[in-house]
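Colleague: Coordinates in target_7.cif, mmCIF, C-alpha atoms, pLDDT in the B column; chains and numbers go by the auth columns, are listed below.
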data_data
#
loop_
_atom_site.group_PDB
_atom_site.id
_atom_site.type_symbol
_atom_site.label_atom_id
_atom_site.label_comp_id
_atom_site.label_asym_id
_atom_site.label_seq_id
_atom_site.Cartn_x
_atom_site.Cartn_y
_atom_site.Cartn_z
_atom_site.B_iso_or_equiv
_atom_site.auth_seq_id
_atom_site.auth_asym_id
ATOM 1 C CA MET A 1 -23.943 1.611 7.771 49.00 1290 W
ATOM 2 C CA GLN A 2 -21.400 3.683 9.648 74.00 1291 W
ATOM 3 C CA LEU A 3 -18.289 4.946 7.875 60.00 1292 W
ATOM 4 C CA GLU A 4 -15.971 2.841 10.025 77.00 1293 W
ATOM 5 C CA SER A 5 -17.949 -0.313 9.191 80.00 1294 W
ATOM 6 C CA LEU A 6 -17.740 0.546 5.497 73.00 1295 W
ATOM 7 C CA TYR A 7 -13.979 1.047 5.818 80.00 1296 W
ATOM 8 C CA GLN A 8 -13.644 -2.345 7.521 90.00 1297 W
ATOM 9 C CA GLU A 9 -15.578 -3.944 4.657 93.00 1298 W
ATOM 10 C CA ILE A 10 -13.242 -2.350 2.095 94.00 1299 W
ATOM 11 C CA ILE A 11 -10.164 -3.640 3.941 94.00 1300 W
ATOM 12 C CA LEU A 12 -11.646 -7.144 4.232 95.00 1301 W
ATOM 13 C CA ASP A 13 -12.568 -7.170 0.547 96.00 1302 W
ATOM 14 C CA HIS A 14 -8.998 -6.273 -0.469 97.00 1303 W
ATOM 15 C CA TYR A 15 -7.677 -8.935 1.909 96.00 1304 W
ATOM 16 C CA LYS A 16 -9.949 -11.626 0.470 96.00 1305 W
ATOM 17 C CA HIS A 17 -9.537 -10.525 -3.166 97.00 1306 W
ATOM 18 C CA PRO A 18 -6.068 -8.958 -3.436 97.00 1307 W
ATOM 19 C CA GLN A 19 -5.407 -6.897 -6.536 97.00 1308 W
ATOM 20 C CA GLY A 20 -1.969 -7.188 -8.133 97.00 1309 W
ATOM 21 C CA ALA A 21 -0.978 -10.225 -6.066 98.00 1310 W
ATOM 22 C CA GLY A 22 1.963 -12.189 -7.416 98.00 1311 W
ATOM 23 C CA LEU A 23 5.514 -11.437 -8.424 98.00 1312 W
ATOM 24 C CA ARG A 24 5.755 -11.035 -12.159 96.00 1313 W
ATOM 25 C CA GLU A 25 8.686 -10.771 -14.527 96.00 1314 W
ATOM 26 C CA PRO A 26 10.170 -8.780 -16.034 96.00 1315 W
ATOM 27 C CA TYR A 27 10.386 -6.023 -13.453 97.00 1316 W
ATOM 28 C CA ASP A 28 12.548 -2.955 -12.952 97.00 1317 W
ATOM 29 C CA GLY A 29 12.773 -2.679 -9.159 98.00 1318 W
ATOM 30 C CA GLU A 30 12.109 -4.938 -6.184 98.00 1319 W
ATOM 31 C CA ALA A 31 12.113 -4.495 -2.421 98.00 1320 W
ATOM 32 C CA HIS A 32 11.435 -6.904 0.428 98.00 1321 W
ATOM 33 C CA HIS A 33 10.422 -5.508 3.812 98.00 1322 W
ATOM 34 C CA VAL A 34 9.718 -7.198 7.132 97.00 1323 W
ATOM 35 C CA ASN A 35 7.791 -5.845 10.103 93.00 1324 W
ATOM 36 C CA THR A 36 9.986 -7.165 12.908 91.00 1325 W
ATOM 37 C CA THR A 37 7.265 -6.393 15.460 89.00 1326 W
ATOM 38 C CA CYS A 38 4.780 -8.926 14.106 89.00 1327 W
ATOM 39 C CA GLY A 39 6.595 -10.866 11.388 93.00 1328 W
ATOM 40 C CA ASP A 40 4.599 -9.587 8.396 95.00 1329 W
ATOM 41 C CA GLU A 41 6.601 -9.649 5.153 97.00 1330 W
ATOM 42 C CA VAL A 42 6.050 -8.133 1.741 98.00 1331 W
ATOM 43 C CA THR A 43 7.925 -8.156 -1.527 98.00 1332 W
ATOM 44 C CA VAL A 44 6.987 -5.501 -4.075 98.00 1333 W
ATOM 45 C CA ARG A 45 8.040 -5.421 -7.726 98.00 1334 W
ATOM 46 C CA VAL A 46 7.644 -2.358 -9.916 98.00 1335 W
ATOM 47 C CA THR A 47 7.688 -2.320 -13.692 98.00 1336 W
ATOM 48 C CA LEU A 48 8.013 1.016 -15.454 97.00 1337 W
ATOM 49 C CA ALA A 49 7.025 2.117 -18.936 97.00 1338 W
ATOM 50 C CA GLY A 50 8.911 5.369 -19.214 96.00 1339 W
ATOM 51 C CA ASP A 51 7.901 7.309 -16.117 95.00 1340 W
ATOM 52 C CA THR A 52 4.639 5.397 -15.652 97.00 1341 W
ATOM 53 C CA ILE A 53 4.094 2.484 -13.295 98.00 1342 W
ATOM 54 C CA ALA A 54 3.054 -0.209 -15.748 97.00 1343 W
ATOM 55 C CA ASP A 55 2.762 -2.893 -13.088 97.00 1344 W
ATOM 56 C CA LEU A 56 3.079 -3.337 -9.364 98.00 1345 W
ATOM 57 C CA GLY A 57 3.158 -6.919 -8.150 98.00 1346 W
ATOM 58 C CA HIS A 58 3.321 -7.987 -4.550 98.00 1347 W
ATOM 59 C CA ASP A 59 3.664 -11.057 -2.400 98.00 1348 W
ATOM 60 C CA ALA A 60 2.508 -10.409 1.148 95.00 1349 W
ATOM 61 C CA ILE A 61 2.563 -12.739 4.116 95.00 1350 W
ATOM 62 C CA GLY A 62 0.903 -11.527 7.270 94.00 1351 W
ATOM 63 C CA CYS A 63 -2.183 -9.933 8.714 94.00 1352 W
ATOM 64 C CA SER A 64 -5.237 -8.741 6.840 95.00 1353 W
ATOM 65 C CA ILE A 65 -4.191 -5.101 7.169 96.00 1354 W
ATOM 66 C CA SER A 66 -0.773 -5.474 5.531 97.00 1355 W
ATOM 67 C CA ARG A 67 -2.133 -7.704 2.775 97.00 1356 W
ATOM 68 C CA ALA A 68 -5.106 -5.422 2.090 97.00 1357 W
ATOM 69 C CA SER A 69 -2.806 -2.413 2.073 98.00 1358 W
ATOM 70 C CA ALA A 70 -0.683 -4.033 -0.661 98.00 1359 W
ATOM 71 C CA SER A 71 -3.820 -4.590 -2.742 98.00 1360 W
ATOM 72 C CA VAL A 72 -4.972 -0.996 -2.295 98.00 1361 W
ATOM 73 C CA LEU A 73 -1.483 0.236 -3.160 98.00 1362 W
ATOM 74 C CA HIS A 74 -1.582 -1.714 -6.429 98.00 1363 W
ATOM 75 C CA ASP A 75 -4.943 -0.224 -7.391 97.00 1364 W
ATOM 76 C CA LEU A 76 -3.945 3.293 -6.468 97.00 1365 W
ATOM 77 C CA VAL A 77 -0.546 3.630 -8.169 98.00 1366 W
ATOM 78 C CA SER A 78 -0.807 1.383 -11.231 98.00 1367 W
ATOM 79 C CA GLY A 79 -0.921 3.515 -14.361 98.00 1368 W
ATOM 80 C CA ARG A 80 0.302 6.656 -12.603 98.00 1369 W
ATOM 81 C CA THR A 81 3.571 8.448 -13.064 98.00 1370 W
ATOM 82 C CA ALA A 82 6.285 7.954 -10.474 97.00 1371 W
ATOM 83 C CA ASP A 83 5.772 11.527 -9.215 97.00 1372 W
ATOM 84 C CA GLU A 84 2.011 11.020 -8.842 98.00 1373 W
ATOM 85 C CA ALA A 85 2.583 7.732 -7.008 98.00 1374 W
ATOM 86 C CA LEU A 86 5.085 9.324 -4.636 98.00 1375 W
ATOM 87 C CA LYS A 87 2.602 12.094 -3.813 98.00 1376 W
ATOM 88 C CA LEU A 88 -0.005 9.445 -2.991 98.00 1377 W
ATOM 89 C CA HIS A 89 2.619 7.687 -0.866 98.00 1378 W
ATOM 90 C CA GLU A 90 3.199 10.913 1.082 98.00 1379 W
ATOM 91 C CA MET A 91 -0.534 11.382 1.615 97.00 1380 W
ATOM 92 C CA PHE A 92 -0.932 7.815 2.875 98.00 1381 W
ATOM 93 C CA VAL A 93 2.020 8.167 5.256 98.00 1382 W
ATOM 94 C CA GLU A 94 0.508 11.414 6.560 97.00 1383 W
ATOM 95 C CA LEU A 95 -2.852 9.681 7.064 97.00 1384 W
ATOM 96 C CA MET A 96 -1.208 6.810 8.942 97.00 1385 W
ATOM 97 C CA GLY A 97 0.606 9.254 11.212 96.00 1386 W
ATOM 98 C CA SER A 98 -2.555 11.199 12.044 96.00 1387 W
ATOM 99 C CA ARG A 99 -3.791 8.908 14.844 94.00 1388 W
ATOM 100 C CA GLY A 100 -7.304 9.277 13.473 90.00 1389 W
ATOM 101 C CA GLN A 101 -7.219 13.075 13.434 93.00 1390 W
ATOM 102 C CA LEU A 102 -7.060 13.512 9.651 93.00 1391 W
ATOM 103 C CA THR A 103 -10.057 13.130 7.374 91.00 1392 W
ATOM 104 C CA PRO A 104 -8.795 11.458 4.207 94.00 1393 W
ATOM 105 C CA ASP A 105 -9.644 12.779 0.760 93.00 1394 W
ATOM 106 C CA GLU A 106 -11.457 9.762 -0.688 93.00 1395 W
ATOM 107 C CA ASP A 107 -11.448 11.296 -4.162 95.00 1396 W
ATOM 108 C CA VAL A 108 -7.647 11.220 -4.133 96.00 1397 W
ATOM 109 C CA LEU A 109 -6.862 8.223 -1.917 96.00 1398 W
ATOM 110 C CA GLY A 110 -9.689 5.971 -3.045 96.00 1399 W
ATOM 111 C CA ASP A 111 -9.829 2.766 -1.006 96.00 1400 W
ATOM 112 C CA ALA A 112 -6.678 3.826 0.890 96.00 1401 W
ATOM 113 C CA ALA A 113 -8.952 6.198 2.824 95.00 1402 W
ATOM 114 C CA ALA A 114 -10.341 3.086 4.518 94.00 1403 W
ATOM 115 C CA PHE A 115 -7.159 2.892 6.574 96.00 1404 W
ATOM 116 C CA ALA A 116 -8.023 6.099 8.464 94.00 1405 W
ATOM 117 C CA GLY A 117 -9.350 3.976 11.341 91.00 1406 W
ATOM 118 C CA VAL A 118 -6.147 1.939 11.413 93.00 1407 W
ATOM 119 C CA SER A 119 -4.187 5.134 12.116 94.00 1408 W
ATOM 120 C CA LYS A 120 -5.709 5.175 15.619 92.00 1409 W
ATOM 121 C CA TYR A 121 -3.760 2.022 16.518 92.00 1410 W
ATOM 122 C CA PRO A 122 0.018 2.607 16.421 90.00 1411 W
ATOM 123 C CA ALA A 123 0.801 -1.111 16.449 89.00 1412 W
ATOM 124 C CA ARG A 124 -1.287 -1.568 13.281 93.00 1413 W
ATOM 125 C CA VAL A 125 0.099 1.485 11.468 96.00 1414 W
ATOM 126 C CA LYS A 126 3.306 -0.428 10.726 95.00 1415 W
ATOM 127 C CA CYS A 127 1.232 -3.178 9.130 96.00 1416 W
ATOM 128 C CA ALA A 128 -0.550 -0.733 6.823 97.00 1417 W
ATOM 129 C CA LEU A 129 2.667 1.084 5.906 97.00 1418 W
ATOM 130 C CA LEU A 130 4.744 -2.038 5.189 98.00 1419 W
ATOM 131 C CA PRO A 131 3.858 -2.438 1.485 98.00 1420 W
ATOM 132 C CA TRP A 132 3.985 1.310 0.909 98.00 1421 W
ATOM 133 C CA MET A 133 7.544 1.557 2.227 98.00 1422 W
ATOM 134 C CA ALA A 134 8.583 -1.454 0.147 98.00 1423 W
ATOM 135 C CA PHE A 135 6.963 0.214 -2.882 98.00 1424 W
ATOM 136 C CA LYS A 136 8.939 3.417 -2.347 98.00 1425 W
ATOM 137 C CA ASP A 137 12.207 1.436 -2.214 98.00 1426 W
ATOM 138 C CA ALA A 138 11.286 -0.693 -5.246 98.00 1427 W
ATOM 139 C CA LEU A 139 10.374 2.426 -7.220 98.00 1428 W
ATOM 140 C CA ALA A 140 13.680 4.075 -6.299 97.00 1429 W
ATOM 141 C CA ARG A 141 15.524 0.974 -7.522 97.00 1430 W
ATOM 142 C CA ALA A 142 13.481 0.924 -10.730 97.00 1431 W
ATOM 143 C CA ILE A 143 14.244 4.584 -11.432 95.00 1432 W
ATOM 144 C CA GLY A 144 17.892 4.081 -10.533 91.00 1433 W
ATOM 145 C CA GLY A 145 18.207 1.047 -12.774 80.00 1434 W
ATOM 146 C CA GLN A 146 19.033 -1.344 -9.896 66.00 1435 W
ATOM 147 C CA ARG A 147 17.090 -4.520 -9.424 62.00 1436 W
#
If you took the structure in this file and wrote it as structure tokens, what would it be?
Modeller:
Amino acid sequence: MQLESLYQEIILDHYKHPQGAGLREPYDGEAHHVNTTCGDEVTVRVTLAGDTIADLGHDAIGCSISRASASVLHDLVSGRTADEALKLHEMFVELMGSRGQLTPDEDVLGDAAAFAGVSKYPARVKCALLPWMAFKDALARAIGGQR
């Protein structure tokens, strides 16, 4: 099986079996983002325990890429400190901006590395980034004490 086919399987699996789906209470920060290009929407809620992300819940409406990306985000940042999660966010944003020219570090990015192929399609990059940008805003609100 080729790497790109494996990556597609990972994305489809997260789409069909989303991890962290649902908006739970209580939460410390929330953000709702819309991709005006295609109409995808995502709401992300972050719950902190000290400096650690105790929970990340999401409600995503849209294409398989944006919904799978929210699932991968949940798996990758849950249980990490805010600083660790923000570093992963930066790495994912860099990967999405690479237009397929960057080889992702699967040991660090885990299933998020599967989106390397998506980075070749600028119209789809916004879909993959949507939950990640909402997460960054929700985390900032959680740290700042604003809901």
Colleague: Measuring between only C-alpha atoms, which one of W:Leu1428, W:Ala1423, W:Tyr1410, W:His1303 shows the shortest distance to Asp1364 in chain W?
Modeller: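 Going through W:Leu1428, W:Ala1423, W:Tyr1410, W:His1303 one by one, the smallest distance to Asp1364 in chain W is for W:His1303.
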Colleague: Compile the contact shell of Thr1392 in chain W as an MDAnalysis selection string: residues with an atom at most 9 Å away, counting only C-alpha atoms, same-chain residues fewer than 6 positions apart removed.
Modeller: chainID W and resid 1384 1402 1405
Colleague: Set the distance at 12 Å and use all atoms listed in the file: which residues neighbour His1306 in chain W once local chain neighbours fewer than 6 positions away are removed? I'd like the list as number ranges by chain.
Modeller: W: 1298-1300, 1353, 1356-1361
Colleague: In Å, how far is it from CA of Leu1345 in chain W to CA of Asn1324 in chain W?
Modeller: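 Rounded to one decimal, the two atoms are 20.2 Å apart.
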Colleague: List the spatial neighbours of Leu1362 in chain W as a PyMOL selection string - criterion: any atom at most 8 Å away, only C-alpha atoms, same-chain residues fewer than 6 positions off excluded.
Modeller: chain W and resi 1401+1420-1421
Colleague: Looking at all atoms listed in the file, which of W:Thr1370, W:Asp1340, W:Val1335, W:Leu1398 is the one that sits closest to Lys1425 in chain W?
Modeller: W:Val1335
Colleague: Restricting the calculation to all atoms listed in the file, which member of W:Leu1301, W:Val1382, W:Leu1312, W:Leu1337 is positioned closest to Val1414 in chain W?
Modeller: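 That would be W:Val1382, the residue with the smallest distance to Val1414 in chain W.
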Colleague: Interatomic distance between CA of Glu1330 in chain W and CA of Asp1394 in chain W?
Modeller: 28.0 Å
Colleague: With only C-alpha atoms as the atoms that count, which of W:Val1331, W:Met1380, W:Ala1343, W:Leu1391 lies nearest to Val1366 in chain W?
Modeller: W:Ala1343
Colleague: With only C-alpha atoms as the counted atoms, please give the residues lying no more than 8 Å from Gly1311 in chain W, apart from itself and same-chain residues fewer than 5 positions off, as a ChimeraX atom specification.
Modeller: /W:1346-1348
Colleague: Which is closer to Met1385 in chain W than all the others in W:Ser1408, W:Gln1308, W:Ser1355, W:Thr1325, using all atoms listed in the file?
Modeller: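 Ranking W:Ser1408, W:Gln1308, W:Ser1355, W:Thr1325 by distance to Met1385 in chain W, first place goes to W:Ser1408.
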Colleague: Between CA of Pro1411 in chain W and CA of Glu1373 in chain W, what is the distance in Å, rounded to a tenth?
Modeller: 26.7 Å
Colleague: I'd like to know which of W:Asp1400, W:Arg1334, W:Gln1390, W:Ser1294 is closest to Phe1424 in chain W, using all atoms listed in the file.
Modeller: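 Of all the options, W:Arg1334 lies closest to Phe1424 in chain W.
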Colleague: Applying 8 Å and all atoms listed in the file, which residues near Thr1336 in chain W remain after dropping the ones on its own chain fewer than 4 positions away? List them as a list in words.
Modeller: Pro1315, Tyr1316, Asp1317, Gly1318, Ile1342, Ala1343, Asp1344, Leu1345 and Ala1431 of chain W
Colleague: Enclose the full set of atoms of range 1420-1425 of chain W listed in the file within a box whose edges lie along x, y and z, apply 3 Å of padding to each of the six sides, and report centre and edge lengths in Å to one decimal as JSON.
Modeller:
{"center_x": 6.4, "center_y": 0.5, "center_z": -0.3, "size_x": 11.1, "size_y": 11.9, "size_z": 11.1}
Colleague: Can you spell out as a VMD selection string the set of residues that the PyMOL selection byres ((chain W and resi 1351) around 6) selects in the structure I just provided?
Modeller: chain W and resid 1329 1350 1352
Colleague: Please rebuild range 1408-1419 of chain W with all heavy atoms and give the result as a PDB file, in the frame of the given file.
Modeller:
ATOM      1  N   SER W1408      -5.160   4.158  11.600  1.00 94.00           N
ATOM      2  CA  SER W1408      -4.187   5.134  12.116  1.00 94.00           C
ATOM      3  C   SER W1408      -4.348   5.403  13.610  1.00 94.00           C
ATOM      4  O   SER W1408      -3.449   5.942  14.239  1.00 94.00           O
ATOM      5  CB  SER W1408      -4.278   6.452  11.335  1.00 94.00           C
ATOM      6  OG  SER W1408      -5.455   7.163  11.654  1.00 94.00           O
ATOM      7  N   LYS W1409      -5.474   4.997  14.180  1.00 92.00           N
ATOM      8  CA  LYS W1409      -5.709   5.175  15.619  1.00 92.00           C
ATOM      9  C   LYS W1409      -4.946   4.153  16.468  1.00 92.00           C
ATOM     10  O   LYS W1409      -4.872   4.285  17.678  1.00 92.00           O
ATOM     11  CB  LYS W1409      -7.205   5.038  15.934  1.00 92.00           C
ATOM     12  CG  LYS W1409      -8.068   6.076  15.267  1.00 92.00           C
ATOM     13  CD  LYS W1409      -9.532   5.781  15.530  1.00 92.00           C
ATOM     14  CE  LYS W1409     -10.428   6.699  14.733  1.00 92.00           C
ATOM     15  NZ  LYS W1409     -11.850   6.338  14.885  1.00 92.00           N
ATOM     16  N   TYR W1410      -4.414   3.120  15.811  1.00 92.00           N
ATOM     17  CA  TYR W1410      -3.760   2.022  16.518  1.00 92.00           C
ATOM     18  C   TYR W1410      -2.296   1.924  16.077  1.00 92.00           C
ATOM     19  O   TYR W1410      -1.992   1.287  15.062  1.00 92.00           O
ATOM     20  CB  TYR W1410      -4.494   0.704  16.242  1.00 92.00           C
ATOM     21  CG  TYR W1410      -5.962   0.801  16.564  1.00 92.00           C
ATOM     22  CD1 TYR W1410      -6.898   1.044  15.559  1.00 92.00           C
ATOM     23  CD2 TYR W1410      -6.407   0.691  17.876  1.00 92.00           C
ATOM     24  CE1 TYR W1410      -8.249   1.162  15.862  1.00 92.00           C
ATOM     25  CE2 TYR W1410      -7.751   0.802  18.183  1.00 92.00           C
ATOM     26  CZ  TYR W1410      -8.664   1.042  17.176  1.00 92.00           C
ATOM     27  OH  TYR W1410      -9.993   1.166  17.477  1.00 92.00           O
ATOM     28  N   PRO W1411      -1.387   2.557  16.831  1.00 90.00           N
ATOM     29  CA  PRO W1411       0.018   2.607  16.421  1.00 90.00           C
ATOM     30  C   PRO W1411       0.633   1.253  16.063  1.00 90.00           C
ATOM     31  O   PRO W1411       1.438   1.167  15.140  1.00 90.00           O
ATOM     32  CB  PRO W1411       0.716   3.223  17.634  1.00 90.00           C
ATOM     33  CG  PRO W1411      -0.340   4.046  18.288  1.00 90.00           C
ATOM     34  CD  PRO W1411      -1.619   3.284  18.077  1.00 90.00           C
ATOM     35  N   ALA W1412       0.234   0.204  16.742  1.00 89.00           N
ATOM     36  CA  ALA W1412       0.801  -1.111  16.449  1.00 89.00           C
ATOM     37  C   ALA W1412       0.372  -1.594  15.063  1.00 89.00           C
ATOM     38  O   ALA W1412       1.078  -2.379  14.432  1.00 89.00           O
ATOM     39  CB  ALA W1412       0.371  -2.122  17.505  1.00 89.00           C
ATOM     40  N   ARG W1413      -0.779  -1.145  14.579  1.00 93.00           N
ATOM     41  CA  ARG W1413      -1.287  -1.568  13.281  1.00 93.00           C
ATOM     42  C   ARG W1413      -0.818  -0.652  12.143  1.00 93.00           C
ATOM     43  O   ARG W1413      -0.891  -1.037  10.979  1.00 93.00           O
ATOM     44  CB  ARG W1413      -2.816  -1.618  13.298  1.00 93.00           C
ATOM     45  CG  ARG W1413      -3.411  -2.524  14.361  1.00 93.00           C
ATOM     46  CD  ARG W1413      -2.785  -3.906  14.416  1.00 93.00           C
ATOM     47  NE  ARG W1413      -2.878  -4.613  13.164  1.00 93.00           N
ATOM     48  CZ  ARG W1413      -3.381  -5.812  12.983  1.00 93.00           C
ATOM     49  NH1 ARG W1413      -3.849  -6.478  14.013  1.00 93.00           N
ATOM     50  NH2 ARG W1413      -3.409  -6.358  11.800  1.00 93.00           N
ATOM     51  N   VAL W1414      -0.376   0.549  12.483  1.00 96.00           N
ATOM     52  CA  VAL W1414       0.099   1.485  11.468  1.00 96.00           C
ATOM     53  C   VAL W1414       1.264   0.880  10.695  1.00 96.00           C
ATOM     54  O   VAL W1414       1.334   0.986   9.464  1.00 96.00           O
ATOM     55  CB  VAL W1414       0.489   2.839  12.108  1.00 96.00           C
ATOM     56  CG1 VAL W1414       1.290   3.706  11.149  1.00 96.00           C
ATOM     57  CG2 VAL W1414      -0.764   3.571  12.575  1.00 96.00           C
ATOM     58  N   LYS W1415       2.167   0.202  11.400  1.00 95.00           N
ATOM     59  CA  LYS W1415       3.306  -0.428  10.726  1.00 95.00           C
ATOM     60  C   LYS W1415       2.844  -1.472   9.723  1.00 95.00           C
ATOM     61  O   LYS W1415       3.442  -1.635   8.661  1.00 95.00           O
ATOM     62  CB  LYS W1415       4.247  -1.075  11.748  1.00 95.00           C
ATOM     63  CG  LYS W1415       5.040  -0.093  12.562  1.00 95.00           C
ATOM     64  CD  LYS W1415       5.977  -0.816  13.510  1.00 95.00           C
ATOM     65  CE  LYS W1415       6.781   0.157  14.324  1.00 95.00           C
ATOM     66  NZ  LYS W1415       7.714  -0.535  15.222  1.00 95.00           N
ATOM     67  N   CYS W1416       1.778  -2.170  10.047  1.00 96.00           N
ATOM     68  CA  CYS W1416       1.232  -3.178   9.130  1.00 96.00           C
ATOM     69  C   CYS W1416       0.739  -2.520   7.845  1.00 96.00           C
ATOM     70  O   CYS W1416       1.013  -3.001   6.739  1.00 96.00           O
ATOM     71  CB  CYS W1416       0.072  -3.926   9.781  1.00 96.00           C
ATOM     72  SG  CYS W1416       0.502  -4.801  11.302  1.00 96.00           S
ATOM     73  N   ALA W1417       0.003  -1.427   7.990  1.00 97.00           N
ATOM     74  CA  ALA W1417      -0.550  -0.733   6.823  1.00 97.00           C
ATOM     75  C   ALA W1417       0.549  -0.094   5.976  1.00 97.00           C
ATOM     76  O   ALA W1417       0.451  -0.053   4.750  1.00 97.00           O
ATOM     77  CB  ALA W1417      -1.554   0.318   7.274  1.00 97.00           C
ATOM     78  N   LEU W1418       1.588   0.397   6.627  1.00 97.00           N
ATOM     79  CA  LEU W1418       2.667   1.084   5.906  1.00 97.00           C
ATOM     80  C   LEU W1418       3.661   0.137   5.237  1.00 97.00           C
ATOM     81  O   LEU W1418       4.371   0.540   4.309  1.00 97.00           O
ATOM     82  CB  LEU W1418       3.434   2.008   6.855  1.00 97.00           C
ATOM     83  CG  LEU W1418       2.739   3.296   7.249  1.00 97.00           C
ATOM     84  CD1 LEU W1418       3.556   4.043   8.296  1.00 97.00           C
ATOM     85  CD2 LEU W1418       2.500   4.180   6.031  1.00 97.00           C
ATOM     86  N   LEU W1419       3.727  -1.104   5.672  1.00 98.00           N
ATOM     87  CA  LEU W1419       4.744  -2.038   5.189  1.00 98.00           C
ATOM     88  C   LEU W1419       4.823  -2.102   3.658  1.00 98.00           C
ATOM     89  O   LEU W1419       5.895  -1.892   3.090  1.00 98.00           O
ATOM     90  CB  LEU W1419       4.517  -3.422   5.803  1.00 98.00           C
ATOM     91  CG  LEU W1419       5.569  -4.480   5.501  1.00 98.00           C
ATOM     92  CD1 LEU W1419       6.909  -4.111   6.132  1.00 98.00           C
ATOM     93  CD2 LEU W1419       5.099  -5.837   6.022  1.00 98.00           C
TER      94      LEU W1419
END
